[in-house]
Amino acid sequence: KTALSWVKKGGRYSPDDCIPRHHVAVIVPFRDRDQHLKTFLYNIHPFLRRQQLDYGIYIIDQIGTSKFNRAMLMNIGYAESIKNHKYTCFVFHDVDLLPEDDRNSYTCTTQPRHLSAAIDKFRYRLPYKAIFGGASALSKSQLQSVNGFSNKFFGWGGEDDDMWNRLMHANFTVTRHSNKVARYTMLRHGKEKGNKHNTKRYKLLEDGYKRFKTDGLNSLTYNVVRIQIHHLYTRISVDINENEVMKTKGNTNYCLEETKNRYINNIAVDSLKTEN
């Protein structure tokens with residue numbers, strides 16, 4: 001705590017010697033990864049401070065018995081963080097990724113940005129072109145224009161590919177820094193309890209275009225169990241009812257068959273190549 005005494009309660013920071021141009025909420029979907037949280041916090045705070053950002057760290061902790069839903073936690077993080085501050089940029093960040101280069105700016109531009117393009121686990125190479133996982137940055141308007149992430153992906157895999165499809169359908173272009181800049185170290189971890197491979201992910205991806213307008217920020221249902229304001233972060237513990245979320249239809253048919261064929265099929269093939 002002494003080393004990071006400049007961090008304000010709740011994981012907030014804003015520079016005193018200048019007027020920040022970027023107001024960033026860093027949203028971390030989380031469950032049972034406390035062994036990584038401390039390492040993440042002690043790395044990310046100095047990194048963000050050096051970029052002179054007005055920022056806050058939000059740990060969105062899924063409790064209860066439902067399978068882990070990373071994408072829905074990110075939607076919840078967005079919905080809860082804007083209640084606290086006028087954030088204009090949202091960085092969605094896995095807790096096991098540590099940025100290596102200060103030139104990797106945690107800001108939002110006119111296009112969505114995939115931040116973690118070069119991870120040591122993948123020999124600092126992009127696993128496949130349509131990847132949008134790990135760490136990414138979206139402005140408030142970009143997020144709202146695609147209705148956030150899908151809430152339907154319980155378990156491992158598929159949610160980031162669905163977001164890629166949403167961005168492509170909305171005519172966005174995903175940007176990345178070069179592999180010399182967008183470099184990350186991944187903290188080692190074993191198999192995660194409650195986060196088995198989502199066997200329904202390819203079917204959800206195939207039908208995702210039907211739900212873009214009805215499955216996302218405008219269909220969030222969750223229960224905030226507690227909010228804890230720590231020194232280095234705000235921890236929001238939520239319970240998600242998988243049965244309730246999955247029975248929500250959200251399957252309005254839109255004339256997007258071309259969109260489906262253009263984006264979904266390539267992702268399904270590319271994603272298979274990167275599975276463990």
# chains A, B, ... in the order shown; residues from 1 in each chain; ligands from 1
call {"tool": "residues_around", "arguments": {"residues": "Lys152 of chain A", "least_positions_apart": "5", "cutoff": "12 Å", "atoms": "only C-alpha atoms", "output": "PyMOL selection string"}}
result
chain A and resi 67-73+75+157-160+162-163+198+200-205+207-208+211-212+214-217+219-221+240-251
call {"tool": "closest_residue", "arguments": {"among": "A:Ile44, A:Val26, A:Met186, A:Leu138", "to": "Phe172 of chain A", "atoms": "only C-alpha atoms"}}
result
A:Leu138
call {"tool": "select_by_dssp", "arguments": {"residues": "segment 135-174 of chain A", "states": "strand (DSSP E or B)", "output": "list of chain:residue names"}}
result
A:Ala135, A:Ser136, A:Ala137, A:Leu138, A:Ser139, A:Trp156
call {"tool": "closest_residue", "arguments": {"among": "A:Gly148, A:Pro46, A:Gly64, A:Pro15", "to": "Trp164 of chain A", "atoms": "only C-alpha atoms"}}
result
A:Gly148
call {"tool": "residues_around", "arguments": {"residues": "segment 117-132 of chain A", "least_positions_apart": "3", "cutoff": "7 Å", "atoms": "only C-alpha atoms", "output": "list in words"}}
result
His114, Ser136, Asp160, Asp161, Trp164, Arg176, Asn179, Ala182, Arg183, Tyr184, Thr185, Met186, Ile267, Asp270 and Thr274 of chain A
call {"tool": "write_last_selection", "arguments": {"atoms": "N, CA and C atoms", "output": "PDB file, in the first residue's frame"}}
result
ATOM      1  N   HIS A 114      -7.853  -3.731 -30.126  1.00  0.00           N
ATOM      2  CA  HIS A 114      -7.438  -4.958 -29.469  1.00  0.00           C
ATOM      3  C   HIS A 114      -6.038  -4.724 -28.930  1.00  0.00           C
ATOM      4  N   SER A 136      -8.839  -5.428 -24.361  1.00  0.00           N
ATOM      5  CA  SER A 136      -9.371  -4.638 -25.476  1.00  0.00           C
ATOM      6  C   SER A 136      -9.950  -3.336 -24.953  1.00  0.00           C
ATOM      7  N   ASP A 160     -15.572 -13.549 -27.217  1.00  0.00           N
ATOM      8  CA  ASP A 160     -14.815 -12.507 -27.911  1.00  0.00           C
ATOM      9  C   ASP A 160     -15.007 -12.582 -29.422  1.00  0.00           C
ATOM     10  N   ASP A 161     -15.165 -13.790 -29.940  1.00  0.00           N
ATOM     11  CA  ASP A 161     -15.446 -13.941 -31.367  1.00  0.00           C
ATOM     12  C   ASP A 161     -16.816 -13.353 -31.704  1.00  0.00           C
ATOM     13  N   TRP A 164     -16.337  -9.696 -31.947  1.00  0.00           N
ATOM     14  CA  TRP A 164     -15.738  -9.365 -33.252  1.00  0.00           C
ATOM     15  C   TRP A 164     -16.824  -9.286 -34.318  1.00  0.00           C
ATOM     16  N   ARG A 176      -4.839  -2.390 -33.903  1.00  0.00           N
ATOM     17  CA  ARG A 176      -3.862  -2.969 -32.989  1.00  0.00           C
ATOM     18  C   ARG A 176      -2.544  -2.207 -33.108  1.00  0.00           C
ATOM     19  N   ASN A 179       3.297  -5.720 -32.998  1.00  0.00           N
ATOM     20  CA  ASN A 179       3.671  -6.780 -32.063  1.00  0.00           C
ATOM     21  C   ASN A 179       4.871  -6.411 -31.198  1.00  0.00           C
ATOM     22  N   ALA A 182       2.457  -4.146 -28.488  1.00  0.00           N
ATOM     23  CA  ALA A 182       1.304  -4.770 -27.828  1.00  0.00           C
ATOM     24  C   ALA A 182       1.687  -6.099 -27.181  1.00  0.00           C
ATOM     25  N   ARG A 183       2.731  -6.070 -26.343  1.00  0.00           N
ATOM     26  CA  ARG A 183       3.297  -7.283 -25.775  1.00  0.00           C
ATOM     27  C   ARG A 183       2.837  -7.484 -24.332  1.00  0.00           C
ATOM     28  N   TYR A 184       2.537  -8.737 -24.001  1.00  0.00           N
ATOM     29  CA  TYR A 184       2.032  -9.079 -22.673  1.00  0.00           C
ATOM     30  C   TYR A 184       2.694 -10.344 -22.149  1.00  0.00           C
ATOM     31  N   THR A 185       2.858 -10.377 -20.836  1.00  0.00           N
ATOM     32  CA  THR A 185       3.224 -11.594 -20.127  1.00  0.00           C
ATOM     33  C   THR A 185       1.961 -12.197 -19.543  1.00  0.00           C
ATOM     34  N   MET A 186       1.755 -13.489 -19.763  1.00  0.00           N
ATOM     35  CA  MET A 186       0.603 -14.174 -19.177  1.00  0.00           C
ATOM     36  C   MET A 186       1.045 -14.931 -17.928  1.00  0.00           C
ATOM     37  N   ILE A 267     -14.338 -17.507 -38.135  1.00  0.00           N
ATOM     38  CA  ILE A 267     -13.973 -17.507 -36.728  1.00  0.00           C
ATOM     39  C   ILE A 267     -14.025 -18.909 -36.154  1.00  0.00           C
ATOM     40  N   ASP A 270     -10.835 -20.640 -37.256  1.00  0.00           N
ATOM     41  CA  ASP A 270      -9.631 -20.076 -36.651  1.00  0.00           C
ATOM     42  C   ASP A 270      -9.571 -20.369 -35.164  1.00  0.00           C
ATOM     43  N   THR A 274      -6.577 -22.551 -31.841  1.00  0.00           N
ATOM     44  CA  THR A 274      -5.923 -21.998 -30.669  1.00  0.00           C
ATOM     45  C   THR A 274      -6.370 -22.661 -29.374  1.00  0.00           C
TER      46      THR A 274
END
call {"tool": "select_by_dssp", "arguments": {"residues": "segment 27-217 of chain A", "states": "alpha helix (DSSP H)", "output": "number ranges by chain"}}
result
A: 34-50, 70-81, 140-145, 159-169, 201-207
call {"tool": "write_last_selection", "arguments": {"atoms": "C-alpha atoms", "output": "short mmCIF file (atom, residue, chain, number, x, y, z; two decimals), in the first residue's frame"}}
result
data_model
loop_
_atom_site.label_atom_id
_atom_site.label_comp_id
_atom_site.auth_asym_id
_atom_site.auth_seq_id
_atom_site.Cartn_x
_atom_site.Cartn_y
_atom_site.Cartn_z
CA ASP A 34 -6.78 -13.95 -5.99
CA GLN A 35 -3.28 -15.33 -6.49
CA HIS A 36 -3.05 -13.25 -9.70
CA LEU A 37 -4.92 -10.17 -8.53
CA LYS A 38 -2.13 -8.74 -6.39
CA THR A 39 0.45 -9.16 -9.16
CA PHE A 40 -1.93 -7.59 -11.67
CA LEU A 41 -2.68 -4.58 -9.46
CA TYR A 42 0.96 -3.87 -8.61
CA ASN A 43 1.80 -3.86 -12.30
CA ILE A 44 -1.22 -2.14 -13.84
CA HIS A 45 -1.43 0.87 -11.51
CA PRO A 46 2.09 2.24 -12.26
CA PHE A 47 1.58 1.44 -15.94
CA LEU A 48 -1.65 3.47 -16.11
CA ARG A 49 -0.24 6.31 -14.01
CA ARG A 50 2.66 6.76 -16.42
CA ARG A 70 -16.72 -13.54 -18.81
CA ALA A 71 -18.65 -11.45 -21.36
CA MET A 72 -21.60 -10.81 -19.08
CA LEU A 73 -19.25 -9.74 -16.29
CA MET A 74 -17.76 -7.20 -18.69
CA ASN A 75 -21.24 -5.87 -19.47
CA ILE A 76 -21.92 -5.64 -15.74
CA GLY A 77 -18.61 -3.84 -15.19
CA TYR A 78 -19.61 -1.25 -17.76
CA ALA A 79 -23.08 -0.81 -16.25
CA GLU A 80 -21.76 -0.47 -12.69
CA SER A 81 -18.70 1.69 -13.40
CA LYS A 140 -18.77 4.27 -24.59
CA SER A 141 -20.36 5.02 -27.95
CA GLN A 142 -18.74 1.99 -29.61
CA LEU A 143 -19.93 -0.30 -26.85
CA GLN A 144 -23.45 1.05 -26.97
CA SER A 145 -23.63 0.85 -30.76
CA GLU A 159 -17.62 -14.56 -26.38
CA ASP A 160 -14.81 -12.51 -27.91
CA ASP A 161 -15.45 -13.94 -31.37
CA ASP A 162 -19.08 -12.91 -30.99
CA MET A 163 -17.95 -9.38 -30.14
CA TRP A 164 -15.74 -9.37 -33.25
CA ASN A 165 -18.82 -10.25 -35.29
CA ARG A 166 -20.77 -7.42 -33.69
CA LEU A 167 -18.03 -4.93 -34.48
CA MET A 168 -17.78 -6.11 -38.09
CA HIS A 169 -21.54 -5.90 -38.54
CA ARG A 201 -20.25 -21.82 -28.33
CA TYR A 202 -20.22 -22.61 -32.05
CA LYS A 203 -23.99 -22.78 -32.22
CA LEU A 204 -24.19 -19.49 -30.30
CA LEU A 205 -21.72 -17.95 -32.75
CA GLU A 206 -23.63 -19.24 -35.73
CA ASP A 207 -26.91 -17.76 -34.48
#
call {"tool": "closest_residue", "arguments": {"among": "A:Cys89, A:Ile27, A:Val146, A:Leu187", "to": "Asn171 of chain A", "atoms": "only C-alpha atoms"}}
result
A:Val146
call {"tool": "closest_residue", "arguments": {"among": "A:Val181, A:Ile229, A:Ala137, A:Cys18", "to": "Tyr106 of chain A", "atoms": "only C-alpha atoms"}}
result
A:Ala137
call {"tool": "closest_residue", "arguments": {"among": "A:Tyr233, A:Trp156, A:Phe92, A:Tyr222", "to": "Arg12 of chain A", "atoms": "only C-alpha atoms"}}
result
A:Tyr233
call {"tool": "residues_around", "arguments": {"residues": "Ile60 of chain A", "least_positions_apart": "2", "cutoff": "6 Å", "atoms": "only C-alpha atoms", "output": "PyMOL selection string"}}
result
chain A and resi 28-30+236
call {"tool": "write_last_selection", "arguments": {"atoms": "N, CA, C and O atoms", "output": "PDB file, in the first residue's frame"}}
result
ATOM      1  N   VAL A  28     -12.256  -5.921 -15.008  1.00  0.00           N
ATOM      2  CA  VAL A  28     -11.620  -7.232 -14.951  1.00  0.00           C
ATOM      3  C   VAL A  28     -12.655  -8.285 -14.557  1.00  0.00           C
ATOM      4  O   VAL A  28     -13.113  -8.301 -13.411  1.00  0.00           O
ATOM      5  N   PRO A  29     -13.062  -9.154 -15.478  1.00  0.00           N
ATOM      6  CA  PRO A  29     -13.948 -10.268 -15.115  1.00  0.00           C
ATOM      7  C   PRO A  29     -13.179 -11.253 -14.251  1.00  0.00           C
ATOM      8  O   PRO A  29     -12.033 -11.602 -14.562  1.00  0.00           O
ATOM      9  N   PHE A  30     -13.801 -11.743 -13.177  1.00  0.00           N
ATOM     10  CA  PHE A  30     -13.000 -12.386 -12.129  1.00  0.00           C
ATOM     11  C   PHE A  30     -13.775 -13.501 -11.445  1.00  0.00           C
ATOM     12  O   PHE A  30     -14.988 -13.405 -11.222  1.00  0.00           O
ATOM     13  N   ILE A 236     -16.831  -5.709  -7.136  1.00  0.00           N
ATOM     14  CA  ILE A 236     -18.279  -5.838  -7.227  1.00  0.00           C
ATOM     15  C   ILE A 236     -18.607  -7.308  -7.395  1.00  0.00           C
ATOM     16  O   ILE A 236     -18.300  -7.909  -8.426  1.00  0.00           O
TER      17      ILE A 236
END
